[in-house]
Number of protein chains: 2
Amino acid sequence: MKNNTPITLKFLAEKLKMSVSTVSKALNNYPTINEYTKKRVQEMARDLHFTPNKSAINLKEKKSRIIGIILPNLLDHFFTRSIYGVEQFATQNGYNIIISQTHDDLQKEIQSANMLLRSRVDGLIVAISKHTQDFSHLDQFENMGIPVVYYTRNPSFNLNCHKVLGNTFQGCYQATKFLIDRGHQKIAYLGGPKMINFTHDRFNGYINALKDNNVPFSSELVAYTDFDKENTISAIKNLFANEDQNPTALVAFKEPILFDAIKYLKSINYPKFSDIECIGFGNTSFISYLDSPPIASIEENPESVGENAMRLLLQLINKEIQIEDYQKVMVDCKLVVH
Amino acid sequence: MKNNTPITLKFLAEKLKMSVSTVSKALNNYPTINEYTKKRVQEMARDLHFTPNKSAINLKEKKSRIIGIILPNLLDHFFTRSIYGVEQFATQNGYNIIISQTHDDLQKEIQSANMLLRSRVDGLIVAISKHTQDFSHLDQFENMGIPVVYYTRNPSFNLNCHKVLGNTFQGCYQATKFLIDRGHQKIAYLGGPKMINFTHDRFNGYINALKDNNVPFSSELVAYTDFDKENTISAIKNLFANEDQNPTALVAFKEPILFDAIKYLKSINYPKFSDIECIGFGNTSFISYLDSPPIASIEENPESVGENAMRLLLQLINKEIQIEDYQKVMVDCKLVVH
DNA sequence: TTGTAGGCGTTATCAA
DNA sequence: TTGATAACGCCTACAA
């Protein structure tokens with residue numbers, strides 16, 4: 001069953017004793033081709049398992065039907081869920097995706113970009129590394145007319161670009177509002193690293209919810225962690241050490257640090273521990289197995305973020321949106337009560 | 001900075017007033033080209049951001065430096081972790097990966113396969129869908145000389161193929177042995193769906209460990225679940241209802257069902273609950289947040305499975321291993337004590 | 001209705 | 001040391 005000679009149009013043409021162009025047209029259902037001829041060609045193509053060579057078509061059509069994705073890490077839940085969305089939507093529209101991870105290393109990001117440029121991807125979706133401040137390796141794409149959509153990670157040094165971001169402000173606002181509505185007046189906020197944009201967006205959501213509901217703000221109710229476990233613990237200590245403040249609720253940057261916080265408070269038998277109500281970003285499926293679960297989660301809908309990035313990219317590829325008409329798409333979070 | 005005319009060798013040649021072939025050779029550092037010429041060409045190429053067109057090269061060289069990956073679902077942790085391994089290793093060796101998910105749907109799997117065939121991937125790594133019994137859509141690849149490595153999901157209907165699988169027998173053996181060494185004589189086994197190969201491999205690991213250590217086997221200590229929550233609960237009820245048996249330890253097919261089991265036993269205040277020691281496949285990072293965590297986890301090393309699949313594929317592509325010399329690679333699990 | 005010819009961008013062979 | 005030419009596989013305008 002193995003065949004060494006690759007099946008090409010030329011090969012089919014010789015077998016059928018007709019010209020390459022007739023074979024091509026027959027396979028592509030050209031109206032000018034005789035029905036009987038079409039049938040003969042199509043049968044032969046099927047029997048011989050003819051598969052058109054995409055490289056040849058790409059070369060001819062000057063497109064690849066491939067979307068490049070650059071992201072930091074394939075072990076991060078958020079990213080894998082977002083890829084799920086991208087892949088789904090891409091496949092539905094006849095595109096394949098090539099994925100490249102950078103491990104948050106700028107050099108790797110540059111390499112990945114160059115690789116994908118060579119591959120003549122029709123579009124690029126990218127979550128930049130932590131250290132990306134110069135965008136020349138990504139700007140190359142737009143210079144060649146290949147649209148780029150930045151997603152998840154906000155490229156704040158790059159003003160003129162298309163972005164799709166989670167509406168983390170809204171998510172945090174909603175969570176805070178939810179806690180206020182449940183009667184809490186002392187709501188602590190545990191933020192992430194200060195260099196991350198999201199940290200501030202979320203803080204703004206928190207503080208705006210307080211303000212809009214006439215809940216007094218106290219800076220003692222705010223702390224930050226760089227995700228390191230010890231760092232998180234000491235932040236939590238600060239928040240809960242002050243007897244005057246005594247927060248009764250907590251909004252956390254993401255669930256893993258929230259779980260660390262809960263674990264810690266429990267371990268020290270924090271006085272009114274069972275009264276404290278917590279919410280974090282994430283909505284991990286394991287929450288149902290926790291003995292002291294958060295009262296709700298802020299679901300960031302990564303699949304939707306991915307899908308929206310792909311949708312925007314497709315509109316750019318199809319020129320439904322002009323490439324210089326820079327878009328900013330915000331994908332809302334959803335509060336999930338457990 | 002935008003340029004409409006694509007930068008090709010021809011374009012460079014015209015600018016430099018030399019022939020296309022000279023430009024090509026200069027860029028590829030041919031020894032026959034004058035140093036000064038090389039320099040001129042390379043500078044111009046850099047300044048104009050020349051990027052070789054991979055489609056053209058693919059067409060010429062009859063290879064794509066792309067590896068196709070077909071798998072059921074990008075939301076499954078095991079698969080995303082395995083992709084991490086594949087991507088790493090592929091990138092290191094100059095290959096890109098195209099990922100396609102099938103959602104365990106055979107038709108999608110066939111579509112994906114055809115897509116990747118058109119793309120002339122240099123190799124294919126595939127975790128087959130639950131319903132794949134006919135392999136013709138995948139056999140096409142080998143018929144065209146493109147190597148295929150099956151991984152994770154064992155294609156038991158397909159004898160002549162390369163496979164890379166987790167050594168789930170060994171993992172379960174080790175876990176059972178570990179519990180025996182801790183003095184347990186009544187160890188329950190909670191298996192997965194009976195149609196899955198792994199269910200039986202793991203059961204064999206369990207039973208062999210019992211046998212090798214002279215622990216009597218009792219069929220009342222074995223139950224199966226199809227992962228449905230209610231189904232899991234009723235399986236657990238069966239295992240623990242029988243007063244004569246009273247298992248003191250439990251080995252579970254995977255952690256989510258183990259967590260369901262633990263939660264249930266706790267909820268009914270099962271008498272000697274705190275004495276029961278459990279182990280499941282997975283090693284979820286959230287274990288540290290559980291109040292009644294398993295005593296150990298069976299780590300399946302998905303990244304390593306992915307990397308091994310990619311390594312084997314590379315050897316096949318490079319003809320270091322003959323394509324008919326079918327390989328079976330087992331990747332050992334590791335018992336992680338918490 | 002079918003065939004001829006040229007081109008997509010690159011590399012390689014051979015001639016100059 | 002450089003250049004002309006053919007080829008990779010496919011598509012299509014135009015000629016027959």
# chains A, B, ... in the order shown; residues from 1 in each chain; ligands from 1
$ select_by_dssp --residues "segment 32-126 of chain B" --states "alpha helix (DSSP H)" --output "compact mmCIF listing (two decimals) with C-alpha atoms, in the first residue's frame"
# COMPACT_ATOMS: atom_id res chain seq x y z
CA GLU B 35 33.07 38.06 0.61
CA TYR B 36 32.28 41.60 -0.40
CA THR B 37 29.27 40.49 -2.38
CA LYS B 38 28.05 38.49 0.57
CA LYS B 39 28.35 41.49 2.80
CA ARG B 40 26.45 43.73 0.44
CA VAL B 41 23.68 41.20 0.05
CA GLN B 42 23.38 40.42 3.71
CA GLU B 43 23.25 44.05 4.68
CA MET B 44 20.58 44.80 2.16
CA ALA B 45 18.60 41.79 3.31
CA ARG B 46 18.80 42.93 6.89
CA ASP B 47 17.88 46.51 6.09
CA LYS B 54 8.88 28.93 4.09
CA SER B 55 6.20 27.75 1.71
CA ALA B 56 8.63 28.06 -1.15
CA ILE B 57 11.34 26.26 0.76
CA ASN B 58 8.94 23.54 1.84
CA LEU B 59 7.88 23.04 -1.72
CA LYS B 60 11.45 22.77 -2.86
CA GLU B 61 12.72 20.62 -0.02
CA HIS B 77 -4.56 18.76 32.07
CA PHE B 78 -2.72 15.67 31.02
CA PHE B 79 -2.76 16.69 27.38
CA THR B 80 -1.74 20.28 27.90
CA ARG B 81 1.13 19.18 30.08
CA SER B 82 2.17 16.68 27.44
CA ILE B 83 2.08 19.36 24.75
CA TYR B 84 4.38 21.40 26.88
CA GLY B 85 6.92 18.60 26.55
CA VAL B 86 6.38 18.19 22.84
CA GLU B 87 6.65 21.89 22.10
CA GLN B 88 9.84 22.26 24.10
CA PHE B 89 11.58 19.42 22.41
CA ALA B 90 10.27 20.28 18.96
CA THR B 91 11.40 23.89 19.19
CA GLN B 92 14.84 22.84 20.35
CA LEU B 106 -14.05 10.55 15.09
CA GLN B 107 -15.21 12.76 12.25
CA LYS B 108 -13.20 15.67 13.61
CA GLU B 109 -10.24 13.41 13.98
CA ILE B 110 -10.51 12.47 10.33
CA GLN B 111 -10.79 16.11 9.33
CA SER B 112 -7.80 17.02 11.44
CA ALA B 113 -5.78 14.23 9.92
CA ASN B 114 -6.63 15.35 6.41
CA MET B 115 -5.76 18.95 7.22
CA LEU B 116 -2.39 17.94 8.55
CA LEU B 117 -1.75 15.69 5.60
CA ARG B 118 -2.33 18.59 3.26
$ interface_residues --of "chain B" --to "chain A" --cutoff "7 Å" --atoms "only C-alpha atoms" --output "VMD selection string"
chain B and resid 1 to 3 51 to 56 58 to 59 74 to 75 80 to 81 84 96 to 99 118 to 120 143 to 144 259 263 289 to 291
$ write_last_selection --atoms "N, CA and C atoms" --output "mmCIF file, in the first residue's frame"
data_model
loop_
_atom_site.group_PDB
_atom_site.id
_atom_site.type_symbol
_atom_site.label_atom_id
_atom_site.label_comp_id
_atom_site.auth_asym_id
_atom_site.auth_seq_id
_atom_site.Cartn_x
_atom_site.Cartn_y
_atom_site.Cartn_z
ATOM 1 N N MET B 1 6.951 53.019 7.151
ATOM 2 C CA MET B 1 7.686 51.764 7.397
ATOM 3 C C MET B 1 6.994 50.574 6.726
ATOM 4 N N LYS B 2 5.776 50.774 6.315
ATOM 5 C CA LYS B 2 5.067 49.667 5.672
ATOM 6 C C LYS B 2 5.533 49.524 4.225
ATOM 7 N N ASN B 3 5.712 48.297 3.812
ATOM 8 C CA ASN B 3 6.050 48.090 2.416
ATOM 9 C C ASN B 3 5.066 47.112 1.798
ATOM 10 N N THR B 51 12.699 38.125 4.738
ATOM 11 C CA THR B 51 12.404 36.877 5.454
ATOM 12 C C THR B 51 12.103 35.811 4.425
ATOM 13 N N PRO B 52 12.894 34.753 4.400
ATOM 14 C CA PRO B 52 12.648 33.708 3.400
ATOM 15 C C PRO B 52 11.253 33.130 3.536
ATOM 16 N N ASN B 53 10.657 32.831 2.441
ATOM 17 C CA ASN B 53 9.302 32.286 2.422
ATOM 18 C C ASN B 53 9.343 30.771 2.615
ATOM 19 N N LYS B 54 8.789 30.353 3.746
ATOM 20 C CA LYS B 54 8.883 28.935 4.092
ATOM 21 C C LYS B 54 8.079 28.053 3.146
ATOM 22 N N SER B 55 6.982 28.563 2.641
ATOM 23 C CA SER B 55 6.201 27.750 1.707
ATOM 24 C C SER B 55 7.037 27.372 0.494
ATOM 25 N N ALA B 56 7.781 28.327 0.018
ATOM 26 C CA ALA B 56 8.626 28.063 -1.149
ATOM 27 C C ALA B 56 9.697 27.032 -0.812
ATOM 28 N N ASN B 58 9.607 24.825 1.630
ATOM 29 C CA ASN B 58 8.944 23.543 1.838
ATOM 30 C C ASN B 58 8.712 22.837 0.507
ATOM 31 N N LEU B 59 8.212 23.607 -0.424
ATOM 32 C CA LEU B 59 7.885 23.040 -1.723
ATOM 33 C C LEU B 59 9.134 22.449 -2.361
ATOM 34 N N LEU B 74 -8.083 20.164 24.637
ATOM 35 C CA LEU B 74 -7.074 21.059 25.189
ATOM 36 C C LEU B 74 -7.405 21.515 26.602
ATOM 37 N N LEU B 75 -8.524 21.061 27.148
ATOM 38 C CA LEU B 75 -8.832 21.451 28.526
ATOM 39 C C LEU B 75 -8.339 20.396 29.506
ATOM 40 N N THR B 80 -2.469 19.018 28.003
ATOM 41 C CA THR B 80 -1.744 20.284 27.903
ATOM 42 C C THR B 80 -0.338 20.132 28.465
ATOM 43 N N ARG B 81 -0.214 19.383 29.539
ATOM 44 C CA ARG B 81 1.126 19.183 30.076
ATOM 45 C C ARG B 81 1.992 18.398 29.089
ATOM 46 N N TYR B 84 3.267 20.614 26.389
ATOM 47 C CA TYR B 84 4.378 21.400 26.882
ATOM 48 C C TYR B 84 5.683 20.688 26.546
ATOM 49 N N ASN B 96 8.192 23.235 14.311
ATOM 50 C CA ASN B 96 6.996 23.880 14.855
ATOM 51 C C ASN B 96 5.920 22.834 15.047
ATOM 52 N N ILE B 97 4.940 23.156 15.881
ATOM 53 C CA ILE B 97 3.845 22.209 16.061
ATOM 54 C C ILE B 97 2.507 22.843 15.703
ATOM 55 N N ILE B 98 1.699 22.059 15.035
ATOM 56 C CA ILE B 98 0.311 22.447 14.769
ATOM 57 C C ILE B 98 -0.577 21.535 15.597
ATOM 58 N N ILE B 99 -1.465 22.149 16.369
ATOM 59 C CA ILE B 99 -2.307 21.366 17.259
ATOM 60 C C ILE B 99 -3.747 21.357 16.774
ATOM 61 N N ARG B 118 -2.479 17.530 4.246
ATOM 62 C CA ARG B 118 -2.325 18.587 3.255
ATOM 63 C C ARG B 118 -1.141 19.483 3.598
ATOM 64 N N SER B 119 -1.024 19.744 4.889
ATOM 65 C CA SER B 119 0.055 20.627 5.333
ATOM 66 C C SER B 119 1.406 19.947 5.218
ATOM 67 N N ARG B 120 1.407 18.704 4.835
ATOM 68 C CA ARG B 120 2.654 17.957 4.664
ATOM 69 C C ARG B 120 3.526 18.036 5.908
ATOM 70 N N ASN B 143 1.684 5.624 4.873
ATOM 71 C CA ASN B 143 1.720 5.257 3.461
ATOM 72 C C ASN B 143 2.456 6.298 2.633
ATOM 73 N N MET B 144 2.414 7.519 3.086
ATOM 74 C CA MET B 144 3.148 8.574 2.379
ATOM 75 C C MET B 144 4.557 8.746 2.946
ATOM 76 N N PHE B 259 -11.046 12.484 45.057
ATOM 77 C CA PHE B 259 -11.530 13.602 45.869
ATOM 78 C C PHE B 259 -13.025 13.455 46.132
ATOM 79 N N LYS B 263 -14.529 13.142 49.844
ATOM 80 C CA LYS B 263 -15.583 14.071 50.256
ATOM 81 C C LYS B 263 -16.812 13.323 50.758
ATOM 82 N N TYR B 289 -4.050 22.094 49.567
ATOM 83 C CA TYR B 289 -5.104 22.897 50.181
ATOM 84 C C TYR B 289 -6.227 22.046 50.764
ATOM 85 N N LEU B 290 -6.135 20.739 50.580
ATOM 86 C CA LEU B 290 -7.194 19.876 51.095
ATOM 87 C C LEU B 290 -6.984 19.606 52.576
ATOM 88 N N ASP B 291 -8.100 19.499 53.296
ATOM 89 C CA ASP B 291 -7.980 19.205 54.723
ATOM 90 C C ASP B 291 -7.655 17.740 54.965
#
$ atom_distance --atom1 "atom CA of Asn301 of chain B" --atom2 "atom CA of Cys333 of chain B"
6.4 Å
$ residues_around --residues "DG6 of chain C" --least-positions-apart "5" --cutoff "12 Å" --atoms "only C-alpha atoms (C1' of nucleotides)" --output "PyMOL selection string"
chain D and resi 11-14
$ closest_atom_pairs --of "chain C" --to "chain B" --cutoff "10 Å" --atoms "only C-alpha atoms (C1' of nucleotides)" --output "JSON lines"
{"residue": "C:DC8", "atom": "C1'", "partner": "B:Ala56", "partner_atom": "CA", "distance": 8.2}
{"residue": "C:DG9", "atom": "C1'", "partner": "B:Ala56", "partner_atom": "CA", "distance": 5.1}
{"residue": "C:DT10", "atom": "C1'", "partner": "B:Ala56", "partner_atom": "CA", "distance": 5.5}
{"residue": "C:DT11", "atom": "C1'", "partner": "B:Lys60", "partner_atom": "CA", "distance": 7.1}
{"residue": "C:DA12", "atom": "C1'", "partner": "B:Ser21", "partner_atom": "CA", "distance": 9.3}
$ write_last_selection --atoms "N, CA and C atoms (P, O5', C5', C4', C3', O3' and C1' of nucleotides)" --output "PDB file, in the first residue's frame"
ATOM      1  P    DC C   8       5.844  35.893 -10.098  1.00  0.00           P
ATOM      2  O5'  DC C   8       5.507  35.392  -8.634  1.00  0.00           O
ATOM      3  C5'  DC C   8       4.179  35.362  -8.122  1.00  0.00           C
ATOM      4  C4'  DC C   8       4.101  34.281  -7.077  1.00  0.00           C
ATOM      5  C3'  DC C   8       5.392  34.097  -6.294  1.00  0.00           C
ATOM      6  O3'  DC C   8       5.352  34.921  -5.134  1.00  0.00           O
ATOM      7  C1'  DC C   8       4.391  31.991  -6.934  1.00  0.00           C
ATOM      8  P    DG C   9       6.539  35.899  -4.764  1.00  0.00           P
ATOM      9  O5'  DG C   9       7.629  34.893  -4.191  1.00  0.00           O
ATOM     10  C5'  DG C   9       7.396  34.289  -2.935  1.00  0.00           C
ATOM     11  C4'  DG C   9       8.534  33.343  -2.613  1.00  0.00           C
ATOM     12  C3'  DG C   9       9.920  33.987  -2.640  1.00  0.00           C
ATOM     13  O3'  DG C   9      10.597  33.574  -1.472  1.00  0.00           O
ATOM     14  C1'  DG C   9       9.877  32.081  -4.052  1.00  0.00           C
ATOM     15  P    DT C  10      12.105  33.987  -1.181  1.00  0.00           P
ATOM     16  O5'  DT C  10      12.853  32.624  -1.513  1.00  0.00           O
ATOM     17  C5'  DT C  10      12.520  31.470  -0.746  1.00  0.00           C
ATOM     18  C4'  DT C  10      13.109  30.226  -1.374  1.00  0.00           C
ATOM     19  C3'  DT C  10      14.630  30.243  -1.498  1.00  0.00           C
ATOM     20  O3'  DT C  10      15.165  29.445  -0.449  1.00  0.00           O
ATOM     21  C1'  DT C  10      13.521  29.266  -3.420  1.00  0.00           C
ATOM     22  P    DT C  11      16.759  29.298  -0.322  1.00  0.00           P
ATOM     23  O5'  DT C  11      17.069  28.094  -1.316  1.00  0.00           O
ATOM     24  C5'  DT C  11      16.567  26.791  -1.011  1.00  0.00           C
ATOM     25  C4'  DT C  11      16.971  25.847  -2.127  1.00  0.00           C
ATOM     26  C3'  DT C  11      18.476  25.660  -2.301  1.00  0.00           C
ATOM     27  O3'  DT C  11      18.720  24.263  -2.289  1.00  0.00           O
ATOM     28  C1'  DT C  11      17.457  26.155  -4.381  1.00  0.00           C
ATOM     29  P    DA C  12      20.189  23.672  -2.271  1.00  0.00           P
ATOM     30  O5'  DA C  12      20.400  23.172  -3.764  1.00  0.00           O
ATOM     31  C5'  DA C  12      19.443  22.310  -4.373  1.00  0.00           C
ATOM     32  C4'  DA C  12      19.888  21.993  -5.788  1.00  0.00           C
ATOM     33  C3'  DA C  12      21.397  21.794  -5.943  1.00  0.00           C
ATOM     34  O3'  DA C  12      21.614  20.835  -6.969  1.00  0.00           O
ATOM     35  C1'  DA C  12      20.730  23.616  -7.250  1.00  0.00           C
TER      36       DA C  12
END
$ residues_around --residues "segment 147-153 of chain B" --least-positions-apart "6" --cutoff "9 Å" --atoms "only C-alpha atoms (C1' of nucleotides)" --output "PyMOL selection string"
chain B and resi 79+122-130+138-139+141+161-166+196-198+302+305-306+309-310+312-313+316-317+323
$ select_by_dssp --residues "segment 86-245 of chain B" --states "strand (DSSP E)" --output "PyMOL selection string"
chain B and resi 96-101+123-126+148-151+162-167+187-191+222-224
$ interface_residues --of "chain B" --to "chain D" --cutoff "7 Å" --atoms "only C-alpha atoms (C1' of nucleotides)" --output "VMD selection string"
chain B and resid 19 22 32 to 34 59 to 60
$ atom_distance --atom1 "atom CA of Ala188 of chain B" --atom2 "atom CA of Leu250 of chain B"
4.6 Å
$ atom_distance --atom1 "atom CA of Val251 of chain A" --atom2 "atom CA of Tyr270 of chain A"
17.4 Å
$ closest_residue --among "A:Lys177, A:His137, A:Lys237, A:His184" --to "Tyr206 of chain A" --atoms "only C-alpha atoms"
A:Lys177
$ residues_around --residues "Glu220 of chain B" --least-positions-apart "3" --cutoff "10 Å" --atoms "only C-alpha atoms (C1' of nucleotides)" --output "list in words"
Ala188, Tyr189, Phe217, Ala223, Asn238, Leu239, Phe240, Asn242, Asp244, Gln245 and Pro247 of chain B
$ decode --residues "chain C" --atoms "C-alpha atoms (C1' of nucleotides)" --output "CSV table (one decimal), in the first residue's frame"
chain,number,residue,atom,x,y,z
C,1,DT,C1',-14.3,21.3,-23.5
C,2,DT,C1',-9.4,20.8,-23.1
C,3,DG,C1',-4.5,22.2,-23.3
C,4,DT,C1',-0.5,25.6,-23.1
C,5,DA,C1',2.3,28.5,-20.6
C,6,DG,C1',3.7,31.4,-16.9
C,7,DG,C1',4.4,32.3,-12.3
C,8,DC,C1',4.4,32.0,-6.9
C,9,DG,C1',9.9,32.1,-4.1
C,10,DT,C1',13.5,29.3,-3.4
C,11,DT,C1',17.5,26.2,-4.4
C,12,DA,C1',20.7,23.6,-7.3
C,13,DT,C1',23.0,22.3,-11.5
C,14,DC,C1',25.6,23.7,-15.0
C,15,DA,C1',27.5,27.0,-18.0
C,16,DA,C1',29.9,31.4,-18.6
